[in-house]
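*Asks:* What follows is data-v3.txt, made up of compact mmCIF, N, CA and C atoms:
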# COMPACT_ATOMS: atom_id res chain seq x y z
N MET A 1453 -3.33 -35.78 23.78
CA MET A 1453 -2.95 -34.77 22.83
C MET A 1453 -1.73 -35.24 22.04
N ILE A 1454 -1.76 -35.01 20.75
CA ILE A 1454 -0.67 -35.44 19.88
C ILE A 1454 0.43 -34.39 19.89
N ASP A 1455 1.67 -34.87 20.03
CA ASP A 1455 2.81 -33.97 20.01
C ASP A 1455 3.40 -33.96 18.60
N TYR A 1456 3.31 -32.83 17.94
CA TYR A 1456 3.83 -32.70 16.58
C TYR A 1456 5.29 -32.25 16.65
N GLU A 1457 6.17 -33.03 16.04
CA GLU A 1457 7.57 -32.64 15.97
C GLU A 1457 7.81 -31.94 14.65
N SER A 1458 8.53 -30.85 14.70
CA SER A 1458 8.80 -30.12 13.47
C SER A 1458 9.99 -30.75 12.74
N PRO A 1459 9.93 -30.75 11.42
CA PRO A 1459 11.04 -31.29 10.64
C PRO A 1459 12.33 -30.51 10.88
N VAL A 1460 13.43 -31.09 10.46
CA VAL A 1460 14.74 -30.54 10.74
C VAL A 1460 14.98 -29.20 10.04
N PHE A 1461 14.56 -29.06 8.80
CA PHE A 1461 14.91 -27.89 8.00
C PHE A 1461 13.79 -26.85 7.91
N VAL A 1462 12.90 -26.83 8.89
CA VAL A 1462 11.78 -25.89 8.84
C VAL A 1462 12.27 -24.45 8.83
N SER A 1463 13.23 -24.13 9.66
CA SER A 1463 13.71 -22.74 9.72
C SER A 1463 14.34 -22.31 8.40
N ILE A 1464 15.07 -23.19 7.73
CA ILE A 1464 15.68 -22.85 6.44
C ILE A 1464 14.58 -22.62 5.40
N VAL A 1465 13.57 -23.47 5.39
CA VAL A 1465 12.47 -23.31 4.43
C VAL A 1465 11.72 -22.01 4.70
N LEU A 1466 11.45 -21.70 5.96
CA LEU A 1466 10.74 -20.46 6.29
C LEU A 1466 11.53 -19.22 5.89
N TYR A 1467 12.82 -19.20 6.18
CA TYR A 1467 13.64 -18.05 5.79
C TYR A 1467 13.74 -17.91 4.28
N THR A 1468 13.78 -19.03 3.57
CA THR A 1468 13.78 -18.98 2.11
C THR A 1468 12.47 -18.40 1.59
N ILE A 1469 11.36 -18.82 2.16
CA ILE A 1469 10.05 -18.30 1.75
C ILE A 1469 9.96 -16.81 2.05
N TYR A 1470 10.41 -16.38 3.23
CA TYR A 1470 10.37 -14.96 3.57
C TYR A 1470 11.23 -14.15 2.61
N THR A 1471 12.41 -14.66 2.29
CA THR A 1471 13.30 -13.96 1.36
C THR A 1471 12.67 -13.84 -0.01
N LEU A 1472 12.10 -14.92 -0.52
CA LEU A 1472 11.46 -14.89 -1.83
C LEU A 1472 10.24 -13.97 -1.84
N LEU A 1473 9.48 -13.96 -0.76
CA LEU A 1473 8.33 -13.07 -0.67
C LEU A 1473 8.76 -11.61 -0.70
N LEU A 1474 9.77 -11.26 0.09
CA LEU A 1474 10.27 -9.88 0.09
C LEU A 1474 10.83 -9.50 -1.28
N LEU A 1475 11.52 -10.42 -1.93
CA LEU A 1475 12.05 -10.16 -3.26
C LEU A 1475 10.92 -9.93 -4.26
N ALA A 1476 9.86 -10.74 -4.19
CA ALA A 1476 8.72 -10.59 -5.11
C ALA A 1476 8.01 -9.27 -4.87
N VAL A 1477 7.78 -8.90 -3.63
CA VAL A 1477 7.12 -7.63 -3.32
C VAL A 1477 7.99 -6.46 -3.77
N GLY A 1478 9.28 -6.53 -3.51
CA GLY A 1478 10.19 -5.47 -3.93
C GLY A 1478 10.23 -5.31 -5.44
N LEU A 1479 10.30 -6.41 -6.18
CA LEU A 1479 10.31 -6.34 -7.63
C LEU A 1479 8.98 -5.81 -8.18
N THR A 1480 7.89 -6.17 -7.55
CA THR A 1480 6.59 -5.67 -7.98
C THR A 1480 6.49 -4.17 -7.79
N VAL A 1481 6.89 -3.68 -6.63
CA VAL A 1481 6.86 -2.24 -6.37
C VAL A 1481 7.78 -1.51 -7.35
N TRP A 1482 8.98 -2.03 -7.57
CA TRP A 1482 9.92 -1.42 -8.50
C TRP A 1482 9.34 -1.37 -9.91
N SER A 1483 8.70 -2.45 -10.33
CA SER A 1483 8.13 -2.52 -11.67
C SER A 1483 7.00 -1.51 -11.85
N VAL A 1484 6.14 -1.38 -10.85
CA VAL A 1484 5.03 -0.43 -10.93
C VAL A 1484 5.57 1.00 -10.98
N VAL A 1485 6.51 1.32 -10.12
CA VAL A 1485 7.08 2.67 -10.09
C VAL A 1485 7.78 2.97 -11.42
N ARG A 1486 8.52 2.02 -11.93
CA ARG A 1486 9.23 2.21 -13.21
C ARG A 1486 8.25 2.43 -14.36
N SER A 1487 7.19 1.62 -14.41
CA SER A 1487 6.23 1.78 -15.50
C SER A 1487 5.47 3.10 -15.40
N LEU A 1488 5.21 3.57 -14.18
CA LEU A 1488 4.54 4.85 -14.02
C LEU A 1488 5.43 6.01 -14.46
N ARG A 1489 6.72 5.89 -14.21
CA ARG A 1489 7.64 6.96 -14.60
C ARG A 1489 7.87 6.99 -16.11
N MET A 1490 7.83 5.83 -16.76
CA MET A 1490 8.12 5.77 -18.19
C MET A 1490 6.95 6.24 -19.04
N ARG A 1491 5.77 6.19 -18.52
CA ARG A 1491 4.59 6.63 -19.28
C ARG A 1491 4.30 8.09 -18.99
N GLY A 1492 3.57 8.70 -19.87
CA GLY A 1492 3.20 10.10 -19.68
C GLY A 1492 2.20 10.25 -18.55
N LYS A 1493 2.05 11.46 -18.07
CA LYS A 1493 1.14 11.71 -16.94
C LYS A 1493 -0.32 11.49 -17.29
N GLU A 1494 -0.68 11.63 -18.55
CA GLU A 1494 -2.08 11.49 -18.96
C GLU A 1494 -2.39 10.11 -19.55
N HIS A 1495 -1.48 9.19 -19.44
CA HIS A 1495 -1.69 7.86 -20.01
C HIS A 1495 -2.77 7.12 -19.22
N ALA A 1496 -3.63 6.38 -19.94
CA ALA A 1496 -4.76 5.70 -19.31
C ALA A 1496 -4.32 4.63 -18.32
N SER A 1497 -3.16 4.02 -18.53
CA SER A 1497 -2.72 2.96 -17.62
C SER A 1497 -2.42 3.50 -16.23
N ARG A 1498 -2.04 4.76 -16.12
CA ARG A 1498 -1.81 5.36 -14.81
C ARG A 1498 -3.09 5.35 -13.98
N LYS A 1499 -4.21 5.67 -14.62
CA LYS A 1499 -5.49 5.67 -13.92
C LYS A 1499 -5.86 4.27 -13.47
N VAL A 1500 -5.59 3.30 -14.33
CA VAL A 1500 -5.90 1.91 -13.99
C VAL A 1500 -5.04 1.45 -12.81
N ILE A 1501 -3.76 1.78 -12.85
CA ILE A 1501 -2.86 1.36 -11.76
C ILE A 1501 -3.27 2.01 -10.45
N TRP A 1502 -3.54 3.32 -10.45
CA TRP A 1502 -3.92 4.00 -9.21
C TRP A 1502 -5.29 3.53 -8.71
N SER A 1503 -6.22 3.26 -9.64
CA SER A 1503 -7.53 2.76 -9.24
C SER A 1503 -7.41 1.37 -8.61
N THR A 1504 -6.58 0.53 -9.20
CA THR A 1504 -6.38 -0.81 -8.68
C THR A 1504 -5.73 -0.75 -7.30
N LEU A 1505 -4.73 0.10 -7.16
CA LEU A 1505 -4.07 0.25 -5.86
C LEU A 1505 -5.04 0.76 -4.80
N ALA A 1506 -5.86 1.75 -5.18
CA ALA A 1506 -6.85 2.28 -4.23
C ALA A 1506 -7.86 1.21 -3.84
N LEU A 1507 -8.31 0.42 -4.82
CA LEU A 1507 -9.26 -0.66 -4.53
C LEU A 1507 -8.64 -1.68 -3.59
N LEU A 1508 -7.37 -2.01 -3.81
CA LEU A 1508 -6.68 -2.97 -2.94
C LEU A 1508 -6.59 -2.44 -1.52
N VAL A 1509 -6.20 -1.19 -1.36
CA VAL A 1509 -6.06 -0.61 -0.02
C VAL A 1509 -7.42 -0.54 0.69
N VAL A 1510 -8.44 -0.10 -0.03
CA VAL A 1510 -9.78 -0.03 0.57
C VAL A 1510 -10.28 -1.42 0.95
N THR A 1511 -10.04 -2.40 0.08
CA THR A 1511 -10.49 -3.76 0.37
C THR A 1511 -9.74 -4.35 1.56
N LEU A 1512 -8.43 -4.10 1.64
CA LEU A 1512 -7.67 -4.57 2.80
C LEU A 1512 -8.20 -3.95 4.09
N GLY A 1513 -8.48 -2.66 4.05
CA GLY A 1513 -9.03 -1.99 5.24
C GLY A 1513 -10.41 -2.51 5.61
N ALA A 1514 -11.25 -2.70 4.61
CA ALA A 1514 -12.61 -3.20 4.88
C ALA A 1514 -12.58 -4.61 5.44
N THR A 1515 -11.73 -5.47 4.87
CA THR A 1515 -11.68 -6.85 5.36
C THR A 1515 -11.03 -6.92 6.74
N TRP A 1516 -10.13 -5.99 7.04
CA TRP A 1516 -9.56 -5.92 8.40
C TRP A 1516 -10.68 -5.60 9.40
N LEU A 1517 -11.54 -4.65 9.03
CA LEU A 1517 -12.63 -4.27 9.93
C LEU A 1517 -13.69 -5.37 10.04
N MET A 1518 -13.91 -6.13 8.94
CA MET A 1518 -14.91 -7.20 8.95
C MET A 1518 -14.40 -8.49 9.61
N ALA A 1519 -13.11 -8.61 9.77
CA ALA A 1519 -12.51 -9.87 10.23
C ALA A 1519 -12.95 -10.20 11.65
N GLY A 1520 -13.10 -11.50 11.87
CA GLY A 1520 -13.51 -11.97 13.19
C GLY A 1520 -12.32 -12.14 14.12
N THR A 1521 -12.61 -12.04 15.42
CA THR A 1521 -11.56 -12.21 16.42
C THR A 1521 -11.89 -13.35 17.38
N LYS A 1522 -12.83 -14.20 16.97
CA LYS A 1522 -13.21 -15.33 17.82
C LYS A 1522 -12.05 -16.33 17.87
N PRO A 1523 -11.62 -16.74 19.06
CA PRO A 1523 -10.51 -17.69 19.18
C PRO A 1523 -10.80 -19.00 18.44
N LEU A 1524 -9.73 -19.57 17.84
CA LEU A 1524 -9.85 -20.82 17.10
C LEU A 1524 -9.09 -21.91 17.82
N ASN A 1525 -9.65 -23.11 17.80
CA ASN A 1525 -8.98 -24.27 18.36
C ASN A 1525 -8.53 -25.15 17.19
N VAL A 1526 -7.20 -25.20 16.96
CA VAL A 1526 -6.64 -25.95 15.84
C VAL A 1526 -5.65 -26.96 16.38
N ASN A 1527 -5.91 -28.24 16.09
CA ASN A 1527 -5.05 -29.34 16.55
C ASN A 1527 -4.81 -29.29 18.06
N GLY A 1528 -5.83 -28.94 18.78
CA GLY A 1528 -5.74 -28.91 20.23
C GLY A 1528 -5.07 -27.67 20.79
N ARG A 1529 -4.73 -26.73 19.94
CA ARG A 1529 -4.07 -25.50 20.39
C ARG A 1529 -5.01 -24.32 20.15
N LEU A 1530 -5.13 -23.46 21.14
CA LEU A 1530 -6.03 -22.31 21.05
C LEU A 1530 -5.27 -21.11 20.47
N TYR A 1531 -5.81 -20.55 19.39
CA TYR A 1531 -5.26 -19.34 18.79
C TYR A 1531 -6.21 -18.19 19.13
N ASP A 1532 -5.74 -17.28 19.98
CA ASP A 1532 -6.62 -16.22 20.46
C ASP A 1532 -6.05 -14.81 20.29
N ASN A 1533 -4.96 -14.68 19.54
CA ASN A 1533 -4.38 -13.37 19.28
C ASN A 1533 -5.24 -12.67 18.23
N SER A 1534 -5.95 -11.64 18.66
CA SER A 1534 -6.92 -10.99 17.77
C SER A 1534 -6.26 -10.35 16.55
N THR A 1535 -5.05 -9.85 16.70
CA THR A 1535 -4.37 -9.22 15.56
C THR A 1535 -4.10 -10.24 14.47
N TRP A 1536 -3.55 -11.40 14.82
CA TRP A 1536 -3.23 -12.42 13.82
C TRP A 1536 -4.50 -13.05 13.25
N LEU A 1537 -5.54 -13.15 14.05
CA LEU A 1537 -6.81 -13.65 13.53
C LEU A 1537 -7.37 -12.68 12.49
N ARG A 1538 -7.27 -11.39 12.76
CA ARG A 1538 -7.74 -10.38 11.80
C ARG A 1538 -6.89 -10.41 10.52
N ILE A 1539 -5.57 -10.52 10.69
CA ILE A 1539 -4.69 -10.55 9.52
C ILE A 1539 -4.99 -11.77 8.65
N SER A 1540 -5.18 -12.92 9.27
CA SER A 1540 -5.45 -14.13 8.48
C SER A 1540 -6.80 -14.02 7.76
N ASP A 1541 -7.81 -13.50 8.43
CA ASP A 1541 -9.10 -13.27 7.77
C ASP A 1541 -8.96 -12.27 6.63
N MET A 1542 -8.20 -11.20 6.88
CA MET A 1542 -8.00 -10.18 5.86
C MET A 1542 -7.33 -10.77 4.62
N LEU A 1543 -6.32 -11.59 4.82
CA LEU A 1543 -5.58 -12.17 3.69
C LEU A 1543 -6.37 -13.27 2.98
N ILE A 1544 -7.39 -13.81 3.62
CA ILE A 1544 -8.26 -14.78 2.96
C ILE A 1544 -9.38 -14.08 2.22
N LEU A 1545 -10.00 -13.08 2.85
CA LEU A 1545 -11.16 -12.42 2.26
C LEU A 1545 -10.81 -11.45 1.12
N THR A 1546 -9.67 -10.76 1.22
CA THR A 1546 -9.32 -9.76 0.21
C THR A 1546 -9.23 -10.35 -1.20
N PRO A 1547 -8.50 -11.44 -1.43
CA PRO A 1547 -8.46 -11.98 -2.80
C PRO A 1547 -9.82 -12.45 -3.29
N ILE A 1548 -10.63 -12.98 -2.40
CA ILE A 1548 -11.97 -13.44 -2.81
C ILE A 1548 -12.80 -12.25 -3.28
N ILE A 1549 -12.79 -11.18 -2.51
CA ILE A 1549 -13.56 -9.99 -2.88
C ILE A 1549 -13.04 -9.39 -4.18
N LEU A 1550 -11.71 -9.32 -4.33
CA LEU A 1550 -11.13 -8.77 -5.55
C LEU A 1550 -11.47 -9.62 -6.77
N MET A 1551 -11.50 -10.93 -6.62
CA MET A 1551 -11.88 -11.79 -7.75
C MET A 1551 -13.34 -11.58 -8.14
N VAL A 1552 -14.21 -11.40 -7.16
CA VAL A 1552 -15.62 -11.13 -7.46
C VAL A 1552 -15.74 -9.79 -8.17
N VAL A 1553 -15.01 -8.78 -7.71
CA VAL A 1553 -15.03 -7.47 -8.36
C VAL A 1553 -14.53 -7.58 -9.80
N ILE A 1554 -13.48 -8.36 -10.02
CA ILE A 1554 -12.96 -8.53 -11.38
C ILE A 1554 -14.00 -9.16 -12.29
N VAL A 1555 -14.68 -10.19 -11.82
CA VAL A 1555 -15.69 -10.85 -12.65
C VAL A 1555 -16.83 -9.88 -12.96
N VAL A 1556 -17.28 -9.13 -11.97
CA VAL A 1556 -18.36 -8.16 -12.19
C VAL A 1556 -17.92 -7.10 -13.19
N LEU A 1557 -16.70 -6.59 -13.06
CA LEU A 1557 -16.21 -5.57 -13.99
C LEU A 1557 -16.05 -6.12 -15.40
N MET A 1558 -15.66 -7.38 -15.54
CA MET A 1558 -15.57 -7.99 -16.87
C MET A 1558 -16.94 -8.09 -17.52
N ILE A 1559 -17.94 -8.46 -16.75
CA ILE A 1559 -19.31 -8.55 -17.27
C ILE A 1559 -19.82 -7.17 -17.66
N VAL A 1560 -19.60 -6.18 -16.81
CA VAL A 1560 -20.03 -4.82 -17.12
C VAL A 1560 -19.33 -4.29 -18.36
N ALA A 1561 -18.02 -4.53 -18.49
CA ALA A 1561 -17.28 -4.07 -19.66
C ALA A 1561 -17.79 -4.73 -20.93
N GLU A 1562 -18.14 -6.00 -20.87
CA GLU A 1562 -18.67 -6.70 -22.05
C GLU A 1562 -20.04 -6.15 -22.43
N VAL A 1563 -20.88 -5.87 -21.45
CA VAL A 1563 -22.21 -5.30 -21.73
C VAL A 1563 -22.04 -3.92 -22.36
N ILE A 1564 -21.16 -3.10 -21.84
CA ILE A 1564 -20.94 -1.77 -22.41
C ILE A 1564 -20.38 -1.88 -23.83
N ARG A 1565 -19.45 -2.81 -24.03
CA ARG A 1565 -18.86 -2.99 -25.36
C ARG A 1565 -19.91 -3.40 -26.38
N ARG A 1566 -20.80 -4.31 -25.97
CA ARG A 1566 -21.85 -4.77 -26.90
C ARG A 1566 -22.85 -3.66 -27.19
N ARG A 1567 -23.19 -2.84 -26.22
CA ARG A 1567 -24.12 -1.73 -26.44
C ARG A 1567 -23.52 -0.69 -27.38
N ASN A 1568 -22.25 -0.41 -27.25
CA ASN A 1568 -21.60 0.59 -28.09
C ASN A 1568 -21.29 0.04 -29.48
N HIS A 1569 -21.15 -1.24 -29.59
CA HIS A 1569 -20.78 -1.86 -30.87
C HIS A 1569 -21.96 -1.97 -31.81
N VAL A 1570 -23.16 -2.12 -31.26
CA VAL A 1570 -24.35 -2.31 -32.09
C VAL A 1570 -24.84 -1.04 -32.68
Just give me the structure of the file as structure tokens.
*Replies:*
Amino acid sequence: MIDYESPVFVSIVLYTIYTLLLLAVGLTVWSVVRSLRMRGKEHASRKVIWSTLALLVVTLGATWLMAGTKPLNVNGRLYDNSTWLRISDMLILTPIILMVVIVVLMIVAEVIRRRNHV
């Protein structure tokens, strides 16, 4: 079995990544809340934002339920924590599903636009 030694500055890099991730999530939430407050209650973008958020939450829940819990053997190490296996599957499957939904919605919107335009 190969013994992998971790580089010297791994902890600094990880803490920097965690800090930047929290900053990005915080700024995103602040931006969405700010834009919702600045627009009127009947503005169309509010519906789009809430629909997108609902789709994200539903997709995260669905992919959590669909995720596999079969233990993985990676580099000679067994990963068998079902929670982390589900989270990793969820974070891989959710963007894929959302991208497929986006492509389908773009095609549907173009078909509707062409039908109404003619």
*Asks:* Please produce, as CSV, a per-residue contact table for segment 1489-1524 of chain A versus segment 1544-1564 of chain A (criterion: any atom at most 7 Å away, only N, CA and C atoms considered), showing the nearest atom pair and its distance in Å to one decimal, sorted by chain then residue number.
*Replies:*
residue,atom,partner,partner_atom,distance
A:Thr1511,C,A:Thr1546,CA,5.6
A:Leu1512,N,A:Thr1546,CA,5.9
A:Thr1515,CA,A:Thr1546,N,6.0
*Asks:* Please run DSSP on the backbone and report, as a count of residues only, all residues within chain A that come out as strand (DSSP E or B).
*Replies:* 6
*Asks:* Could you jot down the atom CA of Phe1461 of chain A to atom N of Leu1474 of chain A separation for me, Å, one decimal place?
*Replies:*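 Atom N of Leu1474 of chain A lies 19.1 Å from atom CA of Phe1461 of chain A.
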*Asks:* Find the distance between atom C of Ile1539 of chain A and atom CA of Ala1519 of chain A and write it in Å to one decimal.
*Replies:*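 Result for atom C of Ile1539 of chain A versus atom CA of Ala1519 of chain A: 7.9 Å, one decimal.
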*Asks:* Give, as AutoDock Vina command-line options, the centre coordinates and the x, y and z edge lengths in Å to one decimal for an axis-aligned box around all listed atoms of segment 1500-1509 of chain A, padded by 5 Å on each side.
*Replies:*
--center_x -6.1 --center_y 0.5 --center_z -6.8 --size_x 16.4 --size_y 17.0 --size_z 25.0
*Asks:* Could you tell me how far atom N of Ala1506 of chain A lies from atom C of Met1542 of chain A, in Å and to one decimal?
*Replies:*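 Distance between the two atoms: 16.0 Å.
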*Asks:* Find the residues near Ser1534 of chain A: any atom within 7 Å, counting all atoms listed in the file, skip ones fewer than 3 places away on the same chain, and give them as a list in words.
*Replies:* Gly1520, Thr1521, Lys1522, Tyr1531, Leu1537, Arg1538 and Ile1539 of chain A
